[in-house]
$ cat input-v7.cif   # mmCIF, C-alpha atoms
data_final
#
loop_
_atom_site.label_atom_id
_atom_site.label_comp_id
_atom_site.auth_asym_id
_atom_site.auth_seq_id
_atom_site.Cartn_x
_atom_site.Cartn_y
_atom_site.Cartn_z
CA MET A 1 15.45 33.52 -12.30
CA THR A 2 12.18 31.82 -13.03
CA ILE A 3 12.92 29.45 -10.23
CA LEU A 4 13.38 32.37 -7.87
CA THR A 5 10.04 33.99 -8.64
CA ARG A 6 8.32 30.65 -8.62
CA HIS A 7 9.84 29.86 -5.29
CA THR A 8 8.60 32.95 -3.50
CA GLY A 9 5.18 32.49 -4.98
CA LYS A 10 5.11 28.92 -3.80
CA SER A 11 6.07 29.51 -0.23
CA ASP A 12 3.45 32.26 0.07
CA ASN A 13 0.95 29.80 -1.25
CA VAL A 14 1.88 27.14 1.24
CA ARG A 15 1.76 29.56 4.13
CA MET A 16 -1.62 30.91 3.12
CA ARG A 17 -3.12 27.48 2.75
CA SER A 18 -2.09 26.42 6.22
CA THR A 19 -3.32 29.53 8.01
CA THR A 20 -6.73 30.11 6.45
CA ASP A 21 -9.55 28.09 7.93
CA GLU A 22 -11.63 27.05 4.99
CA PRO A 23 -14.69 24.99 5.85
CA ARG A 24 -14.14 21.53 4.48
CA ALA A 25 -15.77 18.14 4.40
CA GLN A 26 -14.83 15.75 7.16
CA PRO A 27 -16.04 12.48 8.69
CA GLU A 28 -19.08 12.89 10.93
CA SER A 29 -18.20 10.26 13.51
CA LEU A 30 -15.99 7.31 14.32
CA ALA A 31 -18.64 5.05 12.80
CA ASP A 32 -18.56 7.10 9.59
CA LEU A 33 -14.78 6.78 9.53
CA PHE A 34 -14.92 3.03 10.13
CA MET A 35 -17.56 2.42 7.47
CA SER A 36 -15.84 4.64 4.92
CA PHE A 37 -12.59 2.75 5.28
CA THR A 38 -14.36 -0.61 5.26
CA LEU A 39 -16.09 0.25 2.00
CA LEU A 40 -12.97 1.49 0.30
CA ALA A 41 -10.87 -1.44 1.53
CA LEU A 42 -13.41 -3.81 -0.01
CA GLN A 43 -13.04 -2.07 -3.37
CA GLY A 44 -9.27 -2.35 -3.33
CA PHE A 45 -8.27 -5.42 -5.27
CA GLY A 46 -4.53 -5.58 -5.83
CA GLY A 47 -3.87 -2.50 -3.72
CA VAL A 48 -6.05 -0.01 -1.91
CA LEU A 49 -4.18 3.21 -2.59
CA ALA A 50 -5.92 4.09 -5.85
CA VAL A 51 -9.29 3.72 -4.13
CA VAL A 52 -8.20 5.79 -1.12
CA GLN A 53 -7.20 8.63 -3.43
CA ARG A 54 -10.44 8.42 -5.38
CA GLU A 55 -12.73 8.28 -2.31
CA MET A 56 -10.93 10.57 0.15
CA VAL A 57 -9.77 13.27 -2.27
CA GLU A 58 -12.20 13.25 -5.17
CA LYS A 59 -15.49 12.04 -3.70
CA LYS A 60 -15.56 12.83 0.03
CA ARG A 61 -13.04 15.70 -0.17
CA TRP A 62 -11.68 15.03 3.31
CA LEU A 63 -8.22 15.84 1.95
CA THR A 64 -6.84 18.02 -0.82
CA ARG A 65 -4.63 16.40 -3.42
CA GLU A 66 -1.60 18.13 -1.89
CA GLU A 67 -2.43 16.94 1.63
CA PHE A 68 -2.88 13.44 0.27
CA VAL A 69 0.60 13.45 -1.25
CA GLU A 70 2.06 14.84 2.01
CA ASP A 71 0.42 12.14 4.11
CA TRP A 72 1.40 9.51 1.58
CA ALA A 73 5.03 10.62 1.86
CA VAL A 74 4.94 10.05 5.62
CA ALA A 75 3.12 6.73 5.19
CA GLN A 76 5.82 5.60 2.75
CA ILE A 77 8.82 6.59 4.79
CA MET A 78 7.55 4.99 7.98
CA PRO A 79 7.83 1.22 8.39
CA GLY A 80 4.69 -0.86 8.03
CA PRO A 81 2.05 -1.33 5.35
CA ASN A 82 1.62 1.99 3.53
CA VAL A 83 -2.14 2.10 3.19
CA VAL A 84 -2.51 0.99 6.80
CA ASN A 85 -0.26 3.88 7.84
CA LEU A 86 -2.21 6.22 5.60
CA SER A 87 -5.60 5.22 7.03
CA LEU A 88 -4.21 5.66 10.53
CA MET A 89 -3.02 9.18 9.67
CA ILE A 90 -6.26 10.23 8.00
CA GLY A 91 -8.26 8.89 10.94
CA SER A 92 -6.09 10.69 13.48
CA ARG A 93 -6.47 14.01 11.64
CA TYR A 94 -10.08 14.18 12.75
CA PHE A 95 -10.54 12.15 15.93
CA GLY A 96 -7.03 11.67 17.28
CA PHE A 97 -6.13 8.23 18.55
CA LYS A 98 -9.71 6.94 18.42
CA GLY A 99 -9.99 8.03 14.81
CA ALA A 100 -6.75 6.27 13.97
CA MET A 101 -8.02 3.04 15.49
CA ALA A 102 -11.43 3.33 13.77
CA ALA A 103 -9.84 3.85 10.35
CA LEU A 104 -7.35 1.04 10.96
CA ALA A 105 -10.08 -1.36 12.03
CA GLY A 106 -12.17 -0.41 9.00
CA MET A 107 -9.24 -1.02 6.71
CA LEU A 108 -8.47 -4.48 8.12
CA ALA A 109 -11.52 -6.16 9.67
CA ALA A 110 -13.78 -7.01 6.73
CA PRO A 111 -10.92 -7.79 4.30
CA LEU A 112 -9.43 -10.14 6.91
CA VAL A 113 -12.63 -12.18 7.03
CA ILE A 114 -12.78 -12.29 3.24
CA VAL A 115 -9.17 -13.33 2.80
CA LEU A 116 -9.65 -16.21 5.25
CA LEU A 117 -12.74 -17.36 3.37
CA LEU A 118 -10.83 -17.16 0.10
CA ALA A 119 -8.03 -19.23 1.59
CA LEU A 120 -10.57 -21.94 2.41
CA LEU A 121 -11.92 -21.84 -1.15
CA TYR A 122 -8.55 -21.54 -2.84
CA ALA A 123 -7.80 -25.24 -2.93
CA GLN A 124 -10.86 -25.96 -5.05
CA PHE A 125 -10.35 -23.27 -7.65
CA ALA A 126 -6.65 -22.54 -7.79
CA GLY A 127 -6.05 -24.94 -10.67
CA HIS A 128 -8.93 -23.69 -12.83
CA PRO A 129 -7.47 -21.97 -15.93
CA GLY A 130 -10.30 -19.44 -16.07
CA VAL A 131 -9.71 -18.42 -12.47
CA GLN A 132 -6.00 -18.09 -13.08
CA GLY A 133 -6.74 -15.94 -16.12
CA ALA A 134 -9.15 -13.77 -14.18
CA LEU A 135 -6.53 -13.21 -11.48
CA ARG A 136 -3.99 -12.27 -14.16
CA GLY A 137 -6.47 -9.84 -15.69
CA MET A 138 -7.19 -8.23 -12.34
CA GLY A 139 -3.47 -8.02 -11.67
CA ALA A 140 -2.98 -6.11 -14.91
CA VAL A 141 -5.80 -3.71 -14.05
CA ALA A 142 -4.35 -3.23 -10.56
CA ALA A 143 -1.02 -2.25 -12.11
CA GLY A 144 -2.80 0.29 -14.29
CA LEU A 145 -4.77 1.66 -11.32
CA ILE A 146 -1.60 2.41 -9.37
CA ALA A 147 0.22 3.95 -12.34
CA GLY A 148 -2.83 6.04 -13.28
CA THR A 149 -3.14 7.33 -9.70
CA GLY A 150 0.52 8.34 -9.85
CA LEU A 151 -0.06 10.23 -13.10
CA LYS A 152 -3.05 11.98 -11.59
CA LEU A 153 -1.19 13.01 -8.44
CA PHE A 154 1.54 14.51 -10.58
CA GLY A 155 -0.77 17.52 -10.78
CA ALA A 156 -0.30 18.00 -7.03
CA LEU A 157 3.33 18.91 -7.71
CA GLN A 158 2.48 22.12 -9.52
CA LYS A 159 2.46 24.05 -6.23
CA ASN A 160 5.62 22.33 -5.01
CA VAL A 161 8.39 24.55 -3.71
CA LEU A 162 10.95 22.65 -5.79
CA GLY A 163 9.33 23.88 -8.99
CA LEU A 164 7.90 21.60 -11.63
CA ALA A 165 11.15 21.07 -13.54
CA LEU A 166 13.05 19.83 -10.51
CA CYS A 167 10.08 17.67 -9.50
CA VAL A 168 10.21 15.98 -12.90
CA VAL A 169 13.96 15.37 -12.55
CA PHE A 170 13.56 13.78 -9.10
CA GLY A 171 10.54 11.81 -10.30
CA VAL A 172 12.35 10.38 -13.33
CA LEU A 173 15.41 9.47 -11.26
CA CYS A 174 13.18 7.72 -8.72
CA PHE A 175 11.37 5.78 -11.45
CA VAL A 176 14.64 4.65 -13.01
CA ALA A 177 16.11 3.59 -9.66
CA ILE A 178 13.06 1.64 -8.52
CA ALA A 179 11.39 0.32 -11.66
CA LEU A 180 14.38 -0.25 -13.96
CA LEU A 181 17.41 -0.70 -11.69
CA ARG A 182 15.34 -2.31 -8.90
CA TRP A 183 17.34 -0.65 -6.15
CA PRO A 184 16.07 -1.25 -2.60
CA LEU A 185 13.36 1.21 -1.65
CA ALA A 186 15.00 2.22 1.63
CA TYR A 187 18.13 3.48 -0.17
CA VAL A 188 16.14 5.42 -2.74
CA LEU A 189 13.93 7.03 -0.08
CA LEU A 190 16.93 7.97 2.04
CA GLY A 191 19.28 8.98 -0.79
CA LEU A 192 17.14 10.61 -3.43
CA GLY A 193 14.40 11.60 -0.97
CA GLY A 194 16.95 13.04 1.43
CA LEU A 195 18.51 15.10 -1.34
CA ALA A 196 15.11 16.41 -2.44
CA CYS A 197 14.31 17.37 1.16
CA VAL A 198 17.59 19.27 1.50
CA VAL A 199 16.88 21.20 -1.71
CA ALA A 200 13.35 21.93 -0.52
CA PHE A 201 14.74 23.09 2.85
CA LYS A 202 17.05 25.56 1.08
CA LYS A 203 14.26 26.84 -1.12
CA LEU A 204 11.99 27.36 1.87
CA ALA A 205 14.51 29.80 3.38
CA PRO A 206 12.65 32.81 4.75
CA MET B 207 -9.62 -35.01 -1.43
CA THR B 208 -5.95 -34.51 -0.63
CA ASP B 209 -5.12 -35.39 -4.23
CA SER B 210 -7.18 -32.50 -5.56
CA THR B 211 -5.63 -29.99 -3.17
CA PRO B 212 -1.90 -30.39 -3.55
CA LEU B 213 -1.36 -26.63 -3.42
CA VAL B 214 -2.24 -26.20 0.21
CA GLN B 215 -1.44 -29.57 1.70
CA LEU B 216 -0.91 -29.28 5.42
CA VAL B 217 2.14 -30.44 7.27
CA ASP B 218 2.04 -31.52 10.89
CA VAL B 219 3.95 -29.29 13.21
CA ALA B 220 3.81 -29.06 16.98
CA LEU B 221 3.92 -25.56 18.41
CA GLY B 222 4.44 -24.96 22.12
CA PRO B 223 3.93 -21.62 23.92
CA GLN B 224 7.61 -20.88 23.40
CA ASP B 225 7.17 -21.28 19.61
CA TRP B 226 4.17 -18.94 19.52
CA LEU B 227 6.24 -16.38 21.38
CA THR B 228 9.08 -16.86 18.90
CA LEU B 229 6.65 -16.31 16.03
CA PHE B 230 5.34 -13.15 17.68
CA LEU B 231 8.83 -11.80 18.32
CA HIS B 232 9.86 -12.54 14.74
CA TYR B 233 7.01 -10.40 13.41
CA LEU B 234 7.65 -7.68 16.00
CA SER B 235 11.24 -7.43 14.81
CA LEU B 236 10.30 -7.39 11.13
CA SER B 237 7.71 -4.67 11.66
CA LEU B 238 10.19 -1.82 12.04
CA LEU B 239 12.22 -3.07 9.08
CA SER B 240 9.25 -3.09 6.70
CA ILE B 241 9.84 0.27 5.04
CA GLY B 242 7.81 0.27 1.84
CA GLY B 243 5.31 -2.24 3.14
CA ALA B 244 5.29 -5.62 4.81
CA ILE B 245 5.91 -7.31 1.47
CA THR B 246 9.51 -6.02 1.51
CA THR B 247 10.22 -8.34 4.43
CA ALA B 248 8.57 -11.37 2.79
CA PRO B 249 11.95 -12.93 1.91
CA ASP B 250 12.91 -12.92 5.58
CA MET B 251 9.55 -14.40 6.57
CA HIS B 252 10.19 -17.17 4.05
CA ARG B 253 13.64 -17.81 5.46
CA PHE B 254 12.26 -18.02 8.99
CA LEU B 255 8.96 -19.87 8.51
CA VAL B 256 9.85 -22.27 5.69
CA ASP B 257 13.61 -22.81 5.74
CA GLN B 258 14.53 -22.39 9.37
CA GLN B 259 11.51 -23.57 11.39
CA GLY B 260 9.73 -25.75 8.82
CA TRP B 261 6.36 -24.44 10.03
CA LEU B 262 5.11 -23.82 6.48
CA THR B 263 5.58 -25.43 3.09
CA ASP B 264 6.78 -23.45 0.10
CA ALA B 265 3.38 -23.96 -1.53
CA GLN B 266 1.56 -22.59 1.49
CA PHE B 267 3.84 -19.58 1.55
CA ASN B 268 3.30 -18.76 -2.12
CA ALA B 269 -0.44 -19.39 -1.91
CA SER B 270 -0.72 -17.01 1.03
CA ILE B 271 0.81 -14.17 -0.97
CA ALA B 272 -1.21 -14.96 -4.11
CA ILE B 273 -4.53 -15.08 -2.25
CA ALA B 274 -3.89 -11.85 -0.35
CA GLN B 275 -3.09 -10.07 -3.60
CA ALA B 276 -6.21 -11.35 -5.29
CA ALA B 277 -8.42 -10.42 -2.35
CA PRO B 278 -9.72 -6.92 -1.61
CA GLY B 279 -7.94 -4.96 1.09
CA PRO B 280 -4.36 -4.18 2.01
CA ASN B 281 -1.74 -6.66 0.85
CA VAL B 282 -0.42 -6.93 4.41
CA LEU B 283 -3.14 -9.52 4.91
CA PHE B 284 -0.73 -12.07 3.46
CA VAL B 285 0.83 -11.95 6.92
CA ALA B 286 -2.51 -12.98 8.41
CA LEU B 287 -2.65 -15.91 5.98
CA LEU B 288 0.87 -16.99 6.87
CA GLY B 289 -0.14 -17.01 10.53
CA TRP B 290 -3.36 -18.83 9.63
CA ASN B 291 -1.47 -21.57 7.79
CA VAL B 292 1.09 -21.99 10.56
CA GLY B 293 -1.85 -22.38 12.95
CA LEU B 294 -3.62 -24.88 10.69
CA ASN B 295 -0.47 -26.95 10.52
CA ALA B 296 -0.25 -26.87 14.30
CA GLY B 297 -3.77 -28.11 14.91
CA GLY B 298 -6.91 -26.65 13.40
CA MET B 299 -9.14 -23.63 13.02
CA LEU B 300 -8.61 -22.37 16.57
CA THR B 301 -4.84 -22.39 16.38
CA GLY B 302 -5.27 -20.92 12.90
CA LEU B 303 -7.04 -17.92 14.39
CA LEU B 304 -4.36 -17.69 17.07
CA GLY B 305 -1.80 -17.62 14.27
CA VAL B 306 -3.67 -14.75 12.57
CA LEU B 307 -3.74 -12.80 15.82
CA VAL B 308 -0.09 -13.39 16.67
CA ALA B 309 1.22 -12.57 13.20
CA MET B 310 -0.95 -9.49 12.60
CA THR B 311 -0.43 -7.88 15.99
CA GLY B 312 3.28 -8.60 15.73
CA ILE B 313 3.70 -7.01 12.31
CA LEU B 314 1.41 -4.02 13.04
CA ILE B 315 1.97 -2.85 16.62
CA PRO B 316 5.50 -1.43 16.30
CA SER B 317 5.02 0.21 12.90
CA THR B 318 1.59 1.71 13.58
CA THR B 319 2.75 3.06 16.95
CA LEU B 320 5.76 4.70 15.36
CA THR B 321 3.71 6.09 12.47
CA TYR B 322 1.09 7.46 14.84
CA LEU B 323 3.67 9.21 17.00
CA ALA B 324 5.57 10.58 14.00
CA ALA B 325 2.42 11.79 12.26
CA SER B 326 1.14 13.47 15.42
CA TRP B 327 4.49 15.16 15.95
CA GLY B 328 4.59 16.24 12.31
CA HIS B 329 1.08 17.62 12.51
CA ARG B 330 1.83 19.64 15.66
CA ASN B 331 4.99 21.01 14.07
CA ARG B 332 3.67 21.46 10.55
CA GLU B 333 4.87 25.05 10.35
CA LEU B 334 8.47 24.04 11.04
CA ARG B 335 10.72 24.60 8.05
CA ALA B 336 12.16 21.09 8.32
CA VAL B 337 8.72 19.47 8.36
CA ARG B 338 7.57 21.48 5.36
CA ALA B 339 10.82 20.70 3.54
CA PHE B 340 10.31 16.99 4.20
CA LYS B 341 6.79 16.99 2.80
CA GLN B 342 7.62 19.14 -0.21
CA GLY B 343 10.83 17.27 -0.96
CA MET B 344 9.33 13.80 -0.67
CA ALA B 345 6.31 14.62 -2.84
CA PRO B 346 7.88 14.06 -6.28
CA ILE B 347 9.60 10.90 -5.00
CA VAL B 348 6.46 9.25 -3.73
CA VAL B 349 4.42 10.21 -6.79
CA ALA B 350 7.07 8.64 -9.02
CA LEU B 351 7.09 5.61 -6.73
CA LEU B 352 3.45 4.97 -7.60
CA ILE B 353 4.20 4.94 -11.30
CA ALA B 354 7.21 2.70 -10.64
CA THR B 355 5.03 0.32 -8.61
CA GLY B 356 2.61 0.09 -11.52
CA TRP B 357 5.54 -0.73 -13.78
CA ILE B 358 6.87 -3.43 -11.44
CA LEU B 359 3.44 -5.03 -11.09
CA ALA B 360 3.05 -4.95 -14.87
CA THR B 361 6.30 -6.78 -15.48
CA ALA B 362 5.69 -9.19 -12.59
CA ASN B 363 2.48 -10.31 -14.28
CA GLY B 364 4.41 -11.64 -17.24
CA GLY B 365 4.21 -8.33 -19.06
CA THR B 366 6.95 -8.86 -21.59
CA LEU B 367 6.65 -7.04 -24.90
CA LYS B 368 5.42 -10.23 -26.53
CA ASN B 369 2.42 -10.12 -24.25
CA TRP B 370 1.04 -6.91 -25.77
CA PRO B 371 -2.64 -7.40 -24.84
CA LEU B 372 -1.62 -7.30 -21.17
CA TRP B 373 0.23 -4.01 -21.70
CA LEU B 374 -2.75 -2.63 -23.58
CA VAL B 375 -5.00 -3.39 -20.59
CA ILE B 376 -2.51 -1.82 -18.16
CA ALA B 377 -2.05 1.32 -20.27
CA THR B 378 -5.79 1.70 -20.91
CA THR B 379 -6.52 1.33 -17.20
CA ALA B 380 -3.89 3.92 -16.29
CA LEU B 381 -5.34 6.32 -18.85
CA VAL B 382 -8.93 5.80 -17.70
CA VAL B 383 -8.00 6.31 -14.02
CA TRP B 384 -5.97 9.40 -14.86
CA ARG B 385 -8.51 11.06 -17.12
CA THR B 386 -11.95 9.88 -16.03
CA ARG B 387 -13.78 9.10 -12.81
CA MET B 388 -15.08 5.73 -13.87
CA HIS B 389 -15.63 3.39 -10.93
CA MET B 390 -12.62 1.16 -10.38
CA LEU B 391 -14.68 -1.96 -9.79
CA TRP B 392 -15.86 -1.79 -13.43
CA LEU B 393 -12.25 -1.82 -14.56
CA LEU B 394 -11.37 -4.74 -12.30
CA GLY B 395 -14.43 -6.62 -13.50
CA ALA B 396 -13.49 -6.04 -17.11
CA GLY B 397 -9.93 -7.22 -16.42
CA ALA B 398 -11.18 -10.36 -14.70
CA LEU B 399 -13.51 -11.09 -17.61
CA LEU B 400 -10.81 -10.60 -20.24
CA GLY B 401 -8.52 -12.88 -18.28
CA TYR B 402 -11.20 -15.49 -17.68
CA VAL B 403 -11.95 -15.90 -21.38
CA GLY B 404 -8.23 -16.06 -22.06
CA TRP B 405 -7.61 -12.84 -24.02
CA ILE B 406 -4.83 -11.63 -21.77
#
$ encode --input "input-v7.cif" --output "structure tokens"
Amino acid sequence: MTILTRHTGKSDNVRMRSTTDEPRAQPESLADLFMSFTLLALQGFGGVLAVVQREMVEKKRWLTREEFVEDWAVAQIMPGPNVVNLSLMIGSRYFGFKGAMAALAGMLAAPLVIVLLLALLYAQFAGHPGVQGALRGMGAVAAGLIAGTGLKLFGALQKNVLGLALCVVFGVLCFVAIALLRWPLAYVLLGLGGLACVVAFKKLAP
Amino acid sequence: MTDSTPLVQLVDVALGPQDWLTLFLHYLSLSLLSIGGAITTAPDMHRFLVDQQGWLTDAQFNASIAIAQAAPGPNVLFVALLGWNVGLNAGGMLTGLLGVLVAMTGILIPSTTLTYLAASWGHRNRELRAVRAFKQGMAPIVVALLIATGWILATANGGTLKNWPLWLVIATTALVVWRTRMHMLWLLGAGALLGYVGWI
């Protein structure tokens, strides 16, 4: 019964959000898009996603938390590097194909130069125990950044049509399958994700 | 000089136009298979570049992945480094840059094209029940995936229970990111420092 009332409330919510035109922050130009993605790519050690969430949702407010999770779902399910897909999608929201290319270029250009420079330096420093330790330390922080971003985005599920309880069930099953059982991602996305989509489809019935 | 750089010792390989095309086609074909990121197809890249063609050494392959993960930016840049090293083996800096270009365009063009088309279609049809069901249904899965990724990275970094300082750093970072808006570069700097002095 609670699920029923929650469900109708949710779908009203979703509908309202997509039809009202609230003024919102957005990139001013292609150059703004390019620079924004360059800057956030350069902050992303050991994965850029946490930085994208922080900058795009919390600081610049180009996206709501819910929109971010929606775009991230598409970026995950499509082949290719996830954050590259995500930057492409965020860019195309505002300036179509040109925006997609500007965001993509911002995400890749400067980091590409840096990674090539690092490759040239690597031989000299790879064996240094301090450097190895520093890389291990940054790796640990990167793991925490990703997990913390996941915890934060959990709040975006409160408005989900599945209801919070079912979201938790799907979330726990996904964690067990991927982190503990180490099942291939494609199967989990298709199997568990497919099931969740079917349930959501039923709950969205008019 | 070569003695001090055993990790990235070059091997001599000769690459003709046909080989560059083969390299390009290999990455084109892997692109659409790389669901979950390019790293998921790394085993196949290893099979092709190291075992089958002998264009890269094992050490070069592993170094490419390690460097890309330590560097800022998307992890897909390990593909650029693989191309770079193949090119270095085949000649020098110029062929290295050709390798970067061939590998990166190969791995990115199919997947970004498909993502762009799918995202545009999804955006035009965002009121469709199926599209809304997809986004709502996938949301809990992808949020849990992030937490799972954190877990996998933690254990990949030698995070066994014995290594409790490492877990403490991971858990503290997760908590700080979740609950505060502290700049992430401070956290990364602190992690690097703790690792440098040998505490974790």
$ residues_around --input "input-v7.cif" --residues "segment 226-233 of chain B" --least-positions-apart "6" --cutoff "9 Å" --atoms "only C-alpha atoms" --output "ChimeraX atom specification"
/B:251,254-255,289,304-305,308-314
$ residues_around --input "input-v7.cif" --residues "His389 of chain B" --least-positions-apart "2" --cutoff "12 Å" --atoms "all atoms listed in the file" --output "list in words"
Leu40, Gln43, Gly44, Ala50, Val51, Arg54, Glu55, Glu58, Lys59 and Leu145 of chain A; Thr379, Val382, Val383, Thr386, Arg387, Leu391, Trp392, Leu393, Leu394, Gly395 and Ala396 of chain B
$ write_last_selection --input "input-v7.cif" --atoms "C-alpha atoms" --output "PDB file, in the coordinates of the input"
ATOM      1  CA  LEU A  40     -12.970   1.490   0.300  1.00  0.00           C
ATOM      2  CA  GLN A  43     -13.040  -2.070  -3.370  1.00  0.00           C
ATOM      3  CA  GLY A  44      -9.270  -2.350  -3.330  1.00  0.00           C
ATOM      4  CA  ALA A  50      -5.920   4.090  -5.850  1.00  0.00           C
ATOM      5  CA  VAL A  51      -9.290   3.720  -4.130  1.00  0.00           C
ATOM      6  CA  ARG A  54     -10.440   8.420  -5.380  1.00  0.00           C
ATOM      7  CA  GLU A  55     -12.730   8.280  -2.310  1.00  0.00           C
ATOM      8  CA  GLU A  58     -12.200  13.250  -5.170  1.00  0.00           C
ATOM      9  CA  LYS A  59     -15.490  12.040  -3.700  1.00  0.00           C
ATOM     10  CA  LEU A 145      -4.770   1.660 -11.320  1.00  0.00           C
TER      11      LEU A 145
ATOM     12  CA  THR B 379      -6.520   1.330 -17.200  1.00  0.00           C
ATOM     13  CA  VAL B 382      -8.930   5.800 -17.700  1.00  0.00           C
ATOM     14  CA  VAL B 383      -8.000   6.310 -14.020  1.00  0.00           C
ATOM     15  CA  THR B 386     -11.950   9.880 -16.030  1.00  0.00           C
ATOM     16  CA  ARG B 387     -13.780   9.100 -12.810  1.00  0.00           C
ATOM     17  CA  LEU B 391     -14.680  -1.960  -9.790  1.00  0.00           C
ATOM     18  CA  TRP B 392     -15.860  -1.790 -13.430  1.00  0.00           C
ATOM     19  CA  LEU B 393     -12.250  -1.820 -14.560  1.00  0.00           C
ATOM     20  CA  LEU B 394     -11.370  -4.740 -12.300  1.00  0.00           C
ATOM     21  CA  GLY B 395     -14.430  -6.620 -13.500  1.00  0.00           C
ATOM     22  CA  ALA B 396     -13.490  -6.040 -17.110  1.00  0.00           C
TER      23      ALA B 396
END
$ residues_around --input "input-v7.cif" --residues "Trp62 of chain A" --least-positions-apart "4" --cutoff "10 Å" --atoms "only C-alpha atoms" --output "VMD selection string"
chain A and resid 24 to 27 55 to 58 67 to 68 90 93 to 94
$ atom_distance --input "input-v7.cif" --atom1 "atom CA of Phe45 of chain A" --atom2 "atom CA of Ile273 of chain B"
10.8 Å
$ closest_residue --input "input-v7.cif" --among "B:Leu294, B:Leu236, B:Ala265, B:Ala244" --to "chain A" --atoms "all atoms listed in the file"
B:Ala244
$ resolve_selection --input "input-v7.cif" --expression "the PyMOL selection byres ((chain A and resi 69-75) around 7)" --output "list of chain:residue names"
A:Arg65, A:Glu66, A:Glu67, A:Phe68, A:Gln76, A:Ile77, A:Met78, A:Asn82, A:Asn85, A:Leu86, B:Lys341, B:Met344, B:Ala345, B:Val348
$ closest_residue --input "input-v7.cif" --among "A:Leu166, A:Phe95, A:Gly46, A:Lys202" --to "chain B" --atoms "only C-alpha atoms"
A:Gly46
$ resolve_selection --input "input-v7.cif" --expression "the PyMOL selection byres ((chain B and resi 283) around 10)" --output "JSON, numbers by chain"
{"A": [81, 108, 111, 112, 115, 116], "B": [244, 245, 270, 271, 273, 274, 275, 277, 278, 279, 280, 281, 282, 284, 285, 286, 287, 288, 289, 306, 309, 310]}
$ closest_residue --input "input-v7.cif" --among "A:Leu33, A:Ala41, A:Leu189, A:Val176" --to "chain B" --atoms "all atoms listed in the file"
A:Ala41
$ closest_residue --input "input-v7.cif" --among "A:Ala103, A:Ala134, A:Val199, A:Val172" --to "chain B" --atoms "only C-alpha atoms"
A:Ala134
$ atom_distance --input "input-v7.cif" --atom1 "atom CA of Leu374 of chain B" --atom2 "atom CA of His128 of chain A"
24.4 Å
$ closest_residue --input "input-v7.cif" --among "A:Ser92, A:Gln53, A:Thr38, A:Thr149" --to "Ile114 of chain A" --atoms "only C-alpha atoms"
A:Thr38
$ atom_distance --input "input-v7.cif" --atom1 "atom CA of Gln266 of chain B" --atom2 "atom CA of Gly302 of chain B"
13.4 Å
$ resolve_selection --input "input-v7.cif" --expression "the PyMOL selection byres ((chain B and resi 326-340) around 7)" --output "PyMOL selection string"
(chain A and resi 197+200-201+204) or (chain B and resi 322-325+341-344)
$ build_atoms --input "input-v7.cif" --residues "segment 292-303 of chain B" --atoms "N, CA and C atoms" --output "PDB file, keeping the file's coordinate frame"
ATOM      1  N   VAL B 292       0.259 -21.429   9.486  1.00  0.00           N
ATOM      2  CA  VAL B 292       1.090 -21.990  10.560  1.00  0.00           C
ATOM      3  C   VAL B 292       0.177 -22.614  11.616  1.00  0.00           C
ATOM      4  N   GLY B 293      -0.904 -21.880  11.957  1.00  0.00           N
ATOM      5  CA  GLY B 293      -1.850 -22.380  12.950  1.00  0.00           C
ATOM      6  C   GLY B 293      -2.563 -23.638  12.488  1.00  0.00           C
ATOM      7  N   LEU B 294      -2.955 -23.679  11.226  1.00  0.00           N
ATOM      8  CA  LEU B 294      -3.620 -24.880  10.690  1.00  0.00           C
ATOM      9  C   LEU B 294      -2.693 -26.083  10.790  1.00  0.00           C
ATOM     10  N   ASN B 295      -1.435 -25.851  10.432  1.00  0.00           N
ATOM     11  CA  ASN B 295      -0.470 -26.950  10.520  1.00  0.00           C
ATOM     12  C   ASN B 295      -0.312 -27.443  11.945  1.00  0.00           C
ATOM     13  N   ALA B 296      -0.487 -26.522  12.898  1.00  0.00           N
ATOM     14  CA  ALA B 296      -0.250 -26.870  14.300  1.00  0.00           C
ATOM     15  C   ALA B 296      -1.476 -27.480  14.965  1.00  0.00           C
ATOM     16  N   GLY B 297      -2.596 -27.541  14.275  1.00  0.00           N
ATOM     17  CA  GLY B 297      -3.770 -28.110  14.910  1.00  0.00           C
ATOM     18  C   GLY B 297      -5.010 -27.959  14.064  1.00  0.00           C
ATOM     19  N   GLY B 298      -5.669 -26.825  14.154  1.00  0.00           N
ATOM     20  CA  GLY B 298      -6.910 -26.650  13.400  1.00  0.00           C
ATOM     21  C   GLY B 298      -7.304 -25.197  13.328  1.00  0.00           C
ATOM     22  N   MET B 299      -8.615 -24.978  13.200  1.00  0.00           N
ATOM     23  CA  MET B 299      -9.140 -23.630  13.020  1.00  0.00           C
ATOM     24  C   MET B 299      -8.761 -22.695  14.182  1.00  0.00           C
ATOM     25  N   LEU B 300      -8.857 -23.231  15.412  1.00  0.00           N
ATOM     26  CA  LEU B 300      -8.610 -22.370  16.570  1.00  0.00           C
ATOM     27  C   LEU B 300      -7.156 -21.886  16.621  1.00  0.00           C
ATOM     28  N   THR B 301      -6.235 -22.818  16.410  1.00  0.00           N
ATOM     29  CA  THR B 301      -4.840 -22.390  16.380  1.00  0.00           C
ATOM     30  C   THR B 301      -4.586 -21.536  15.142  1.00  0.00           C
ATOM     31  N   GLY B 302      -5.376 -21.778  14.081  1.00  0.00           N
ATOM     32  CA  GLY B 302      -5.270 -20.920  12.900  1.00  0.00           C
ATOM     33  C   GLY B 302      -5.580 -19.479  13.244  1.00  0.00           C
ATOM     34  N   LEU B 303      -6.670 -19.279  13.992  1.00  0.00           N
ATOM     35  CA  LEU B 303      -7.040 -17.920  14.390  1.00  0.00           C
ATOM     36  C   LEU B 303      -5.997 -17.325  15.345  1.00  0.00           C
TER      37      LEU B 303
END
